[in-house]
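Here the structure comes first, spelled out in structure tokens, and everything after it is commentary.
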Amino acid sequence: MQPLIDNARMHGQRPEEFAKLAHGQSPQVLFITCSDSRVVPALITGARPGELFELRTAGNIVPPYASEHPTSEAATIEYAVEVLGVRNIVVCGHSHCGAIGALVRGDDLTAVPAVREWLTNAADEPKCSDTADPTVAEAVQNHVLAQLLRLRSYPCIEKRLQTGELQLHGWFYEVHTGIVREHRAQSDTFETL
């Protein structure tokens with residue numbers, strides 16, 4: 001913990017770098033990814049403060065839209081689209097994902113009931129031909145596509161997609177190589193950026 005504290009102390013010693021952030025934010029991208037500590041959106045993209053609006057959830061799950069029972073995730077998505085006017089949304093899954101691995105393997109999650117319940121929001125169980133693959137790459141990539149489809153059911157996103165004001169992107173990050181792949185609709189494959 002001490003190295004993190006030391007860095008936090010140094011961080012605030014450059015106020016001129018942060019003064020403009022007090023005037024608001026105008027990110028162009030909502031970056032939805034997993035809570036996993038190995039996935040660091042600003043590191044992956046090189047984004048500076050104010051350039052990404054982030055939503056991190058276990059397994060980068062986008063829950064179903066339900067206006068009568070709004071979720072924190074739905075509120076974040078709606079705010080990014082309607083208030084901040086983001087032009088792009090990236091759903092970024094990653095290799096070696098514990099959440100998706102648990103779904104694919106059918107792990108016993110009795111000891112973590114909140115996690116078990118949260119994973120029921122994953123849309124469908126991700127398809128995976130090799131459940132022994134520790135990277136769970138195929139399952140994560142299928143899961144990313146399911147989350148993109150889920151996003152399309154949000155009214156604010158559907159509206160912006162129809163007007164061409166918004167684009168959706170599916171990414172897959174390999175934690176063991178640092179490589180990022182993007183889903184290409186033409187070939188229906190994830191290809192290196």
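Numbering starts fresh at 1 for the residues of each chain in the structure tokens, the chains themselves are lettered A, B, ... in the order given, and ligands are numbered from 1 as they appear.
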
Tell me which protein, DNA and RNA residues are within 7 Å of Leu52 (chain A), counting only C-alpha atoms, leaving out same-chain ones fewer than 3 positions away, and put them as a list in words.
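The neighbour list is Pro27, Gln28, Val29, Leu30, Phe31 and Ala47 of chain A.
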
How close does region 49-105 of chain A get to region 147-163 of chain A? List, as a tab-separated table, each residue of region 49-105 of chain A within 8 Å, its nearest atom pair and the distance in Å to one decimal, counting only C-alpha atoms.
```
residue	atom	partner	partner_atom	distance
A:Ile61	CA	A:Gln147	CA	6.6
A:Val62	CA	A:Gln147	CA	5.8
A:Pro63	CA	A:Arg150	CA	7.6
A:Pro64	CA	A:Arg150	CA	6.7
A:Tyr65	CA	A:Tyr154	CA	5.8
A:Glu78	CA	A:Cys156	CA	6.5
A:Val81	CA	A:Cys156	CA	6.8
A:Glu82	CA	A:Cys156	CA	6.9
A:Val91	CA	A:Leu148	CA	6.9
```

Prev. selection, C-alpha atoms, output as a CSV table (one decimal), in the first residue's frame:
```csv
chain,number,residue,atom,x,y,z
A,61,ILE,CA,-21.6,-7.0,-17.7
A,62,VAL,CA,-24.2,-4.6,-19.0
A,63,PRO,CA,-27.4,-5.4,-17.1
A,64,PRO,CA,-30.7,-5.4,-18.9
A,65,TYR,CA,-32.3,-2.0,-19.2
A,78,GLU,CA,-27.4,7.0,-19.8
A,81,VAL,CA,-24.7,9.2,-23.8
A,82,GLU,CA,-27.4,11.9,-22.9
A,91,VAL,CA,-17.0,-2.9,-24.3
```

Write out as a VMD selection string all residues of region 46-101 of chain A that DSSP puts in strand (DSSP E) for this structure's backbone.
chain A and resid 52 to 57 88 to 94

Per-residue nearest contacts of region 50-108 of chain A to region 18-26 of chain A (12 Å; only C-alpha atoms) as CSV:
```
residue,atom,partner,partner_atom,distance
A:Gly50,CA,A:Gln25,CA,5.5
A:Glu51,CA,A:Ser26,CA,7.1
A:Leu52,CA,A:Ser26,CA,8.7
A:Phe53,CA,A:Ser26,CA,8.8
A:Tyr79,CA,A:Ser26,CA,11.8
A:Ala80,CA,A:Ser26,CA,9.5
A:Val81,CA,A:Ser26,CA,11.2
A:Val83,CA,A:Ser26,CA,9.6
A:Leu84,CA,A:Ser26,CA,6.1
A:Gly85,CA,A:Ser26,CA,7.9
A:Val86,CA,A:Ser26,CA,7.8
A:Arg87,CA,A:Ser26,CA,10.5
```

So that I can check the surroundings of Asp133 (chain A), please list as a PyMOL selection string every protein, DNA and RNA residue that reaches within 12 Å of it, counting only C-alpha atoms and ignoring chain neighbours fewer than 6 positions away.
chain A and resi 95-97+100-101+104-105+139-140

Step one, run DSSP on the backbone; step two, keep only residues of region 127-166 of chain A assigned to alpha helix (DSSP H); then write them as a CSV table (one decimal) with C-alpha atoms, in the first residue's frame.
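Once written, part-v1.csv looks like this:
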```
chain,number,residue,atom,x,y,z
A,137,ALA,CA,-10.8,-16.1,-25.0
A,138,GLU,CA,-13.6,-17.5,-27.1
A,139,ALA,CA,-16.1,-17.2,-24.2
A,140,VAL,CA,-15.0,-13.6,-23.4
A,141,GLN,CA,-15.2,-12.6,-27.0
A,142,ASN,CA,-18.7,-14.0,-27.3
A,143,HIS,CA,-19.6,-12.3,-24.1
A,144,VAL,CA,-18.4,-9.0,-25.4
A,145,LEU,CA,-20.7,-9.4,-28.4
A,146,ALA,CA,-23.7,-10.2,-26.1
A,147,GLN,CA,-23.0,-7.1,-24.1
A,148,LEU,CA,-22.9,-4.9,-27.3
A,149,LEU,CA,-26.3,-6.4,-28.2
A,150,ARG,CA,-27.6,-5.7,-24.7
A,151,LEU,CA,-26.5,-2.1,-25.0
A,155,PRO,CA,-33.4,3.6,-25.4
A,156,CYS,CA,-30.7,6.4,-25.4
A,157,ILE,CA,-28.3,4.2,-27.3
A,158,GLU,CA,-30.9,2.9,-29.8
A,159,LYS,CA,-31.8,6.6,-30.6
A,160,ARG,CA,-28.2,7.7,-31.0
A,161,LEU,CA,-27.3,4.7,-33.2
A,162,GLN,CA,-30.2,5.4,-35.5
```

Just the residues within 9 Å of region 177-179 of chain A, please, counting only C-alpha atoms, with nothing from its chain fewer than 3 positions along; format it as a PDB file with C-alpha atoms, in the first residue's frame.
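Below is the file that was written, around_33.pdb:
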```
ATOM      1  CA  ILE A  44      -4.324   0.471 -22.546  1.00  0.00           C
ATOM      2  CA  PHE A 172     -10.671  -8.061 -26.311  1.00  0.00           C
ATOM      3  CA  TYR A 173      -7.560  -7.379 -24.236  1.00  0.00           C
ATOM      4  CA  GLU A 174      -4.966 -10.093 -23.690  1.00  0.00           C
ATOM      5  CA  THR A 192      -5.511  -6.886 -33.700  1.00  0.00           C
ATOM      6  CA  LEU A 193      -5.972  -3.108 -33.627  1.00  0.00           C
TER       7      LEU A 193
END
```

I need the residue nearest Gln167 (chain A) from this list: A:Leu4, A:Val112, A:Val136, A:Ile89. Use only C-alpha atoms for the distance.
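Looking at the shortest contact to Gln167 (chain A), the residue is A:Ile89.
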
To one decimal in Å, tell me the separation between CA of Thr71 (chain A) and CA of His94 (chain A).
23.4 Å

How many Å separate CA of Gly98 (chain A) from CA of Thr189 (chain A)?
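Atom-to-atom, CA of Gly98 (chain A) and CA of Thr189 (chain A) are spaced 22.6 Å apart.
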